[in-house]
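Undergrad: Below is one structure. I have some questions about it.
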Amino acid sequence: MIGPKIQKHDTVFRTLILARTKLESTLRHLARGDNITSLEYAFKIPKNTIQTFPTQVLTAIYEVLNSI
């Protein structure tokens, strides 16, 4: 349900990061308390990109649950 809200498209400048990866990294951060640096190495995604995932994912979850 939140996949379409957090999924973006490939461009010339960047490759697609799957919605599943964004959700997994956010849940790992919340559940285990992993810091951004450990998530960066685990998912092989740059720090400045991965630190935006929790805000995107949690906002999408809120929007979906609020509409139900």
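Letters A, B, ... go to the chains of the structure tokens in the order shown; residues in each chain start at 1; ligands are counted from 1 in the same order.
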Would you pick out the contacts of Ile17 (chain A) at 9 Å or less, using only C-alpha atoms, so that residues sharing its chain but fewer than 3 positions from it are not included, and give the list as a PyMOL selection string?

TA: chain A and resi 7-10+14+20-22+45

Undergrad: Those same residues - C-alpha atoms - I'd like them written as a PDB file, in the first residue's frame.

TA:
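Saved as part-v9.pdb:
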```pdb
ATOM      1  CA  GLN A   7       8.758   4.509  -5.181  1.00  0.00           C
ATOM      2  CA  LYS A   8      10.587   6.797  -7.595  1.00  0.00           C
ATOM      3  CA  HIS A   9      11.736   6.259 -11.180  1.00  0.00           C
ATOM      4  CA  ASP A  10      15.100   5.787 -12.860  1.00  0.00           C
ATOM      5  CA  ARG A  14      20.406   8.089 -10.471  1.00  0.00           C
ATOM      6  CA  ARG A  20      11.152  -2.530  -0.415  1.00  0.00           C
ATOM      7  CA  THR A  21      14.715  -1.418   0.366  1.00  0.00           C
ATOM      8  CA  LYS A  22      13.472   1.887   1.759  1.00  0.00           C
ATOM      9  CA  ILE A  45      23.390   3.209  -0.200  1.00  0.00           C
TER      10      ILE A  45
END
```

Undergrad: Might you pull out every residue within 8 Å of Ile61 (chain A), with only C-alpha atoms counted and same-chain residues fewer than 4 positions away left off, and present them as JSON, numbers by chain?

TA: {"A": [2, 57, 65]}

Undergrad: Using only C-alpha atoms, pick whichever of A:Ala31, A:Leu23, A:Val12, A:Leu58 has the shortest atom-to-atom distance to Phe43 (chain A).

TA: A:Leu23

Undergrad: Quick one: distance from CA of Glu40 (chain A) to CA of Val64 (chain A) in Å, one decimal?

TA: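 Spanning CA of Glu40 (chain A) to CA of Val64 (chain A) is a straight-line distance of 27.1 Å.
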
Undergrad: Name the residues of region 24-63 of chain A that come out as alpha helix (DSSP H) in a backbone DSSP run; write them as a count of residues only.

TA: 32

Undergrad: Could you name the residues that touch Gln56 (chain A) at 8 Å or less, counting only C-alpha atoms, but leaving out those on the same chain fewer than 4 positions away, as a PyMOL selection string?

TA: chain A and resi 6+52+60

Undergrad: Would you kindly return, as a PyMOL selection string, each protein, DNA or RNA residue with an atom no farther than 9 Å from any atom of Leu39 (chain A), considering only C-alpha atoms and excluding same-chain residues fewer than 5 positions away?

TA: chain A and resi 25+28-29+34+44-45+47+50

Undergrad: With C-alpha atoms retained, export the selected residues as an mmCIF file, in the first residue's frame.

TA:
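Output (again.cif):
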```cif
data_model
loop_
_atom_site.group_PDB
_atom_site.id
_atom_site.type_symbol
_atom_site.label_atom_id
_atom_site.label_comp_id
_atom_site.auth_asym_id
_atom_site.auth_seq_id
_atom_site.Cartn_x
_atom_site.Cartn_y
_atom_site.Cartn_z
ATOM 1 C CA SER A 25 16.097 0.075 6.079
ATOM 2 C CA ARG A 28 15.679 -1.959 10.729
ATOM 3 C CA HIS A 29 16.503 1.534 11.976
ATOM 4 C CA ASP A 34 20.833 0.857 13.855
ATOM 5 C CA LYS A 44 25.231 -0.087 0.169
ATOM 6 C CA ILE A 45 23.390 3.209 -0.200
ATOM 7 C CA LYS A 47 24.506 8.232 3.768
ATOM 8 C CA ILE A 50 19.532 6.674 3.261
#
```

Undergrad: From the list A:Ser67, A:Thr59, A:Ser38, A:Phe53, which residue is nearest Thr26 (chain A) when using only C-alpha atoms?

TA: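 That would be A:Phe53, the residue with the smallest distance to Thr26 (chain A).
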